[in-house]
$ cat run.cif   # mmCIF, C-alpha atoms
data_entry
loop_
_atom_site.group_PDB
_atom_site.id
_atom_site.type_symbol
_atom_site.label_atom_id
_atom_site.label_comp_id
_atom_site.auth_asym_id
_atom_site.auth_seq_id
_atom_site.Cartn_x
_atom_site.Cartn_y
_atom_site.Cartn_z
ATOM 1 C CA MET A 414 21.204 -22.408 19.828
ATOM 2 C CA THR A 415 19.424 -21.169 16.701
ATOM 3 C CA ASN A 416 18.395 -17.605 16.044
ATOM 4 C CA ARG A 417 15.013 -16.698 17.453
ATOM 5 C CA TRP A 418 12.368 -15.744 14.906
ATOM 6 C CA LYS A 419 10.936 -12.281 15.447
ATOM 7 C CA PRO A 420 8.198 -10.697 13.350
ATOM 8 C CA ASN A 421 8.406 -7.044 12.369
ATOM 9 C CA ALA A 422 6.143 -5.043 14.699
ATOM 10 C CA THR A 423 4.214 -2.382 12.811
ATOM 11 C CA VAL A 424 1.444 0.093 13.572
ATOM 12 C CA ALA A 425 -1.208 1.322 11.147
ATOM 13 C CA ALA A 426 -3.783 4.115 11.175
ATOM 14 C CA ILE A 427 -7.149 3.339 9.588
ATOM 15 C CA ILE A 428 -8.522 6.811 8.927
ATOM 16 C CA GLU A 429 -12.029 7.353 7.553
ATOM 17 C CA ARG A 430 -13.704 10.670 6.790
ATOM 18 C CA GLN A 431 -17.038 11.087 5.010
ATOM 19 C CA GLY A 432 -16.975 7.531 3.668
ATOM 20 C CA LYS A 433 -13.428 7.663 2.283
ATOM 21 C CA PHE A 434 -10.196 6.280 3.695
ATOM 22 C CA LEU A 435 -6.837 8.017 3.819
ATOM 23 C CA LEU A 436 -4.143 5.961 2.099
ATOM 24 C CA VAL A 437 -0.600 6.709 1.047
ATOM 25 C CA GLU A 438 1.095 5.907 -2.226
ATOM 26 C CA GLU A 439 4.673 4.897 -1.563
ATOM 27 C CA HIS A 440 7.786 3.655 -3.303
ATOM 28 C CA THR A 441 8.597 0.001 -2.536
ATOM 29 C CA PRO A 442 10.999 -2.481 -4.137
ATOM 30 C CA GLU A 443 7.897 -3.788 -5.971
ATOM 31 C CA GLY A 444 7.056 -0.336 -7.366
ATOM 32 C CA LEU A 445 4.455 2.219 -6.300
ATOM 33 C CA ARG A 446 2.031 0.682 -3.810
ATOM 34 C CA LEU A 447 -0.956 1.825 -1.758
ATOM 35 C CA ASN A 448 -0.895 1.395 2.001
ATOM 36 C CA ASN A 449 -2.515 2.626 5.161
ATOM 37 C CA PRO A 450 -0.386 5.184 6.972
ATOM 38 C CA ALA A 451 1.813 2.627 8.717
ATOM 39 C CA GLY A 452 5.323 1.778 9.758
ATOM 40 C CA HIS A 453 7.605 0.072 12.195
ATOM 41 C CA LEU A 454 7.282 0.612 15.905
ATOM 42 C CA ASP A 455 10.285 2.575 17.153
ATOM 43 C CA GLU A 456 12.255 1.742 20.267
ATOM 44 C CA GLY A 457 10.960 3.549 23.334
ATOM 45 C CA GLU A 458 7.429 4.281 22.140
ATOM 46 C CA SER A 459 4.042 2.804 22.894
ATOM 47 C CA LEU A 460 1.900 1.297 20.148
ATOM 48 C CA VAL A 461 -0.521 4.237 20.349
ATOM 49 C CA ASP A 462 2.284 6.816 20.167
ATOM 50 C CA GLY A 463 3.912 4.940 17.291
ATOM 51 C CA CYS A 464 0.659 4.956 15.327
ATOM 52 C CA ALA A 465 0.163 8.695 15.849
ATOM 53 C CA ARG A 466 3.779 9.348 14.807
ATOM 54 C CA GLU A 467 3.546 7.228 11.647
ATOM 55 C CA ALA A 468 0.273 8.869 10.607
ATOM 56 C CA LEU A 469 1.812 12.325 11.003
ATOM 57 C CA GLU A 470 5.026 11.411 9.174
ATOM 58 C CA GLU A 471 3.235 9.784 6.254
ATOM 59 C CA THR A 472 0.199 12.076 5.849
ATOM 60 C CA MET A 473 1.100 15.376 7.590
ATOM 61 C CA TYR A 474 -2.139 15.049 9.619
ATOM 62 C CA LEU A 475 -2.366 14.786 13.376
ATOM 63 C CA PHE A 476 -4.060 11.519 14.350
ATOM 64 C CA THR A 477 -5.274 10.396 17.751
ATOM 65 C CA PRO A 478 -5.951 6.657 18.072
ATOM 66 C CA THR A 479 -9.180 6.007 19.992
ATOM 67 C CA HIS A 480 -9.669 2.269 19.406
ATOM 68 C CA VAL A 481 -7.704 -0.823 18.522
ATOM 69 C CA LEU A 482 -9.072 -2.104 15.229
ATOM 70 C CA GLY A 483 -7.236 -5.409 15.366
ATOM 71 C CA VAL A 484 -3.963 -7.293 15.552
ATOM 72 C CA TYR A 485 -2.895 -8.899 12.280
ATOM 73 C CA LEU A 486 -0.184 -11.314 11.194
ATOM 74 C CA SER A 487 0.904 -11.366 7.559
ATOM 75 C CA ARG A 488 3.771 -12.995 5.686
ATOM 76 C CA PHE A 489 5.433 -11.546 2.613
ATOM 77 C CA HIS A 490 7.939 -13.125 0.242
ATOM 78 C CA ARG A 491 10.128 -10.749 -1.756
ATOM 79 C CA ALA A 492 11.950 -12.365 -4.667
ATOM 80 C CA ALA A 493 15.698 -11.933 -5.063
ATOM 81 C CA ARG A 494 16.708 -8.875 -7.052
ATOM 82 C CA GLU A 495 19.914 -7.071 -8.019
ATOM 83 C CA GLN A 496 22.481 -7.842 -5.332
ATOM 84 C CA GLN A 497 19.682 -8.583 -2.826
ATOM 85 C CA ALA A 498 18.797 -12.028 -1.508
ATOM 86 C CA ALA A 499 15.184 -13.177 -1.385
ATOM 87 C CA GLU A 500 13.361 -12.178 1.792
ATOM 88 C CA ASP A 501 10.683 -13.930 3.847
ATOM 89 C CA ILE A 502 9.172 -11.271 6.113
ATOM 90 C CA THR A 503 6.418 -11.607 8.700
ATOM 91 C CA TYR A 504 4.625 -8.512 9.923
ATOM 92 C CA LEU A 505 2.742 -8.219 13.203
ATOM 93 C CA ARG A 506 0.436 -5.234 12.624
ATOM 94 C CA PHE A 507 -1.396 -3.345 15.341
ATOM 95 C CA ALA A 508 -4.103 -1.309 13.603
ATOM 96 C CA PHE A 509 -5.916 1.624 15.157
ATOM 97 C CA CYS A 510 -8.798 3.877 14.216
ATOM 98 C CA GLY A 511 -9.371 7.274 15.725
ATOM 99 C CA ASN A 512 -9.725 10.986 15.227
ATOM 100 C CA LEU A 513 -8.129 12.864 12.377
ATOM 101 C CA GLY A 514 -6.717 16.209 13.408
ATOM 102 C CA ALA A 515 -5.454 19.192 11.480
ATOM 103 C CA LEU A 516 -3.126 19.094 8.510
ATOM 104 C CA GLN A 517 0.284 20.285 9.681
ATOM 105 C CA ALA A 518 1.228 22.842 7.039
ATOM 106 C CA GLY A 519 4.932 23.143 6.415
ATOM 107 C CA ARG A 520 5.663 19.464 7.065
ATOM 108 C CA ARG A 521 6.934 17.166 4.347
ATOM 109 C CA LEU A 522 5.793 13.636 3.632
ATOM 110 C CA ASP A 523 8.122 10.926 4.919
ATOM 111 C CA THR A 524 10.824 9.574 2.604
ATOM 112 C CA GLY A 525 9.295 7.231 0.036
ATOM 113 C CA ILE A 526 5.763 8.598 0.343
ATOM 114 C CA VAL A 527 4.663 10.097 -2.989
ATOM 115 C CA ARG A 528 1.218 11.374 -2.015
ATOM 116 C CA THR A 529 -1.864 10.815 0.099
ATOM 117 C CA LEU A 530 -5.225 9.775 -1.358
ATOM 118 C CA TRP A 531 -8.794 9.640 -0.084
ATOM 119 C CA LEU A 532 -10.419 6.531 -1.580
ATOM 120 C CA SER A 533 -13.886 5.028 -1.228
ATOM 121 C CA PRO A 534 -14.330 1.365 -0.264
ATOM 122 C CA PRO A 535 -15.110 0.361 -3.886
ATOM 123 C CA GLU A 536 -11.956 2.174 -5.061
ATOM 124 C CA ILE A 537 -9.871 0.419 -2.411
ATOM 125 C CA ARG A 538 -11.301 -2.968 -3.340
ATOM 126 C CA ALA A 539 -10.644 -2.305 -7.037
ATOM 127 C CA SER A 540 -7.041 -1.289 -6.347
ATOM 128 C CA ALA A 541 -6.159 -4.473 -4.390
ATOM 129 C CA PRO A 542 -3.411 -5.519 -6.872
ATOM 130 C CA ARG A 543 -1.601 -2.277 -5.969
ATOM 131 C CA HIS A 544 -1.821 -2.744 -2.189
ATOM 132 C CA ARG A 545 1.417 -3.114 -0.299
ATOM 133 C CA SER A 546 -0.202 -5.775 1.866
ATOM 134 C CA PRO A 547 -3.456 -7.734 1.976
ATOM 135 C CA LEU A 548 -3.955 -6.054 5.358
ATOM 136 C CA VAL A 549 -4.905 -2.761 3.666
ATOM 137 C CA LEU A 550 -8.173 -4.309 2.504
ATOM 138 C CA GLN A 551 -8.662 -6.489 5.595
ATOM 139 C CA CYS A 552 -8.366 -3.511 7.960
ATOM 140 C CA MET A 553 -10.854 -1.458 5.932
ATOM 141 C CA GLU A 554 -13.359 -4.314 5.883
ATOM 142 C CA ASP A 555 -12.986 -4.830 9.649
ATOM 143 C CA TYR A 556 -13.525 -1.108 10.186
ATOM 144 C CA LEU A 557 -16.651 -1.120 8.002
ATOM 145 C CA ARG A 558 -18.019 -4.084 10.010
ATOM 146 C CA GLY A 559 -17.728 -1.935 13.141
ATOM 147 C CA GLN A 560 -14.910 -3.890 14.748
ATOM 148 C CA ARG A 561 -13.444 -1.822 17.608
ATOM 149 C CA TYR A 562 -11.640 -2.633 20.859
ATOM 150 C CA PRO A 563 -10.814 -0.245 23.708
ATOM 151 C CA LEU A 564 -7.286 1.105 23.983
ATOM 152 C CA SER A 565 -7.230 -0.406 27.475
ATOM 153 C CA LEU A 566 -6.666 -3.724 25.679
ATOM 154 C CA ILE A 567 -3.038 -2.595 25.356
ATOM 155 C CA HIS A 568 -0.610 -2.064 28.200
ATOM 156 C CA THR A 569 2.775 -0.425 27.775
ATOM 157 C CA ASP A 570 5.031 -0.926 30.756
ATOM 158 C CA ALA A 571 6.705 2.271 31.932
ATOM 159 C CA ASN A 572 10.152 0.784 31.333
ATOM 160 C CA VAL A 573 9.470 0.773 27.574
ATOM 161 C CA ILE A 574 9.308 4.546 27.442
ATOM 162 C CA GLY A 575 12.063 5.066 29.994
ATOM 163 C CA LEU A 576 9.956 5.928 33.024
ATOM 164 C CA GLN A 577 11.137 2.916 35.054
ATOM 165 C CA PRO A 578 14.322 0.856 35.052
ATOM 166 C CA ILE A 579 14.397 -2.207 32.803
ATOM 167 C CA ALA A 580 13.958 -5.553 34.608
ATOM 168 C CA THR A 581 17.179 -7.585 34.727
ATOM 169 C CA ASP A 582 15.794 -10.903 35.966
ATOM 170 C CA GLY A 583 14.571 -12.093 32.548
ATOM 171 C CA ARG A 584 10.870 -11.604 33.271
ATOM 172 C CA ALA A 585 8.722 -10.599 30.307
#
$ encode --input "run.cif" --output "structure tokens"
Amino acid sequence: MTNRWKPNATVAAIIERQGKFLLVEEHTPEGLRLNNPAGHLDEGESLVDGCAREALEETMYLFTPTHVLGVYLSRFHRAAREQQAAEDITYLRFAFCGNLGALQAGRRLDTGIVRTLWLSPPEIRASAPRHRSPLVLQCMEDYLRGQRYPLSLIHTDANVIGLQPIATDGRA
């Protein structure tokens, strides 16, 4: 039996205020890159909770997802570098838009995040070569087109967050 392919599940917050979008500048193996507040889904959390957590960790702002913006699949090839093999990574991104809350004074930005920036759509388009992923631009464009889906599109079974026992009969 071969290993089963599994994409990396990520969540992203698409945050707009007064015509500008909140992005983060972060250290990556490719250098400083711009990204939406985003990260990997953690074990035991729902997609909505994961998005709110990532937004807080990366921006220091509370964020409440109100709509699913979209579900995106993207593939990234990282060339081999010092003592690191080449990587072929596929990301399955669940993007949300919602309500920006208060800045949480006293918090620190997550490891690797250099700063947050509020950029206009033309600034984001012009900075595309610095984006961590083509999904940064795609999500903004989808948001600007008015694409929104209700959160009820997503269901998180109670066993994911530990409220019910995990099924043992192999059912998904």
$ closest_residue --input "run.cif" --among "A:Tyr556, A:Glu495, A:Gly432, A:Leu548" --to "Pro535 (chain A)" --atoms "only C-alpha atoms"
A:Gly432
$ atom_distance --input "run.cif" --atom1 "CA of Gln497 (chain A)" --atom2 "CA of Val437 (chain A)"
25.7 Å
$ closest_atom_pairs --input "run.cif" --of "region 534-583 of chain A" --to "region 462-479 of chain A" --cutoff "10 Å" --atoms "only C-alpha atoms" --output "Markdown table"
| residue | atom | partner | partner_atom | distance |
| --- | --- | --- | --- | --- |
| A:Arg561 | CA | A:Thr479 | CA | 9.2 |
| A:Tyr562 | CA | A:Thr479 | CA | 9.0 |
| A:Pro563 | CA | A:Thr479 | CA | 7.5 |
| A:Leu564 | CA | A:Thr479 | CA | 6.6 |
$ resolve_selection --input "run.cif" --expression "the PyMOL selection byres ((chain A and resi 487) around 7)" --output "NGL selection string"
:A and (485-486 or 488-489 or 503-505)
$ write_last_selection --input "run.cif" --atoms "C-alpha atoms" --output "compact mmCIF listing (two decimals), in the frame of the given file"
# COMPACT_ATOMS: atom_id res chain seq x y z
CA TYR A 485 -2.90 -8.90 12.28
CA LEU A 486 -0.18 -11.31 11.19
CA ARG A 488 3.77 -13.00 5.69
CA PHE A 489 5.43 -11.55 2.61
CA THR A 503 6.42 -11.61 8.70
CA TYR A 504 4.62 -8.51 9.92
CA LEU A 505 2.74 -8.22 13.20
$ resolve_selection --input "run.cif" --expression "the PyMOL selection byres ((chain A and resi 531) around 10)" --output "ChimeraX atom specification"
/A:428-437,529-530,532-534,536-537
$ atom_distance --input "run.cif" --atom1 "CA of Val573 (chain A)" --atom2 "CA of His480 (chain A)"
20.9 Å
$ residues_around --input "run.cif" --residues "region 438-440 of chain A" --least-positions-apart "3" --cutoff "8 Å" --atoms "only C-alpha atoms" --output "NGL selection string"
:A and (443-448 or 525-530)
$ closest_residue --input "run.cif" --among "A:Asp501, A:Pro450, A:Gly575, A:Leu460" --to "Leu522 (chain A)" --atoms "only C-alpha atoms"
A:Pro450
$ closest_residue --input "run.cif" --among "A:Ser565, A:Gln560, A:Thr441, A:Asn572" --to "Leu482 (chain A)" --atoms "all atoms listed in the file"
A:Gln560
$ residues_around --input "run.cif" --residues "Ala422 (chain A)" --least-positions-apart "2" --cutoff "8 Å" --atoms "all atoms listed in the file" --output "list in words"
Pro420, Val424, His453, Leu454, Tyr504, Leu505, Arg506 and Phe507 of chain A
$ atom_distance --input "run.cif" --atom1 "CA of Pro442 (chain A)" --atom2 "CA of Ala493 (chain A)"
10.6 Å
$ closest_residue --input "run.cif" --among "A:Ala426, A:Leu513, A:Ala499, A:Ile574" --to "Val549 (chain A)" --atoms "all atoms listed in the file"
A:Ala426
$ axis_aligned_box --input "run.cif" --around "region 486-495 of chain A" --padding-each-side "6 Å" --output "lines of an AutoDock Vina configuration file"
center_x = 9.9
center_y = -10.1
center_z = 1.6
size_x = 32.1
size_y = 18.1
size_z = 31.2
$ closest_residue --input "run.cif" --among "A:Ile502, A:Val461, A:Ala492, A:Ala508" --to "Gln551 (chain A)" --atoms "only C-alpha atoms"
A:Ala508
$ closest_residue --input "run.cif" --among "A:Asn449, A:Val481, A:Lys419, A:Ser459" --to "Gly559 (chain A)" --atoms "only C-alpha atoms"
A:Val481
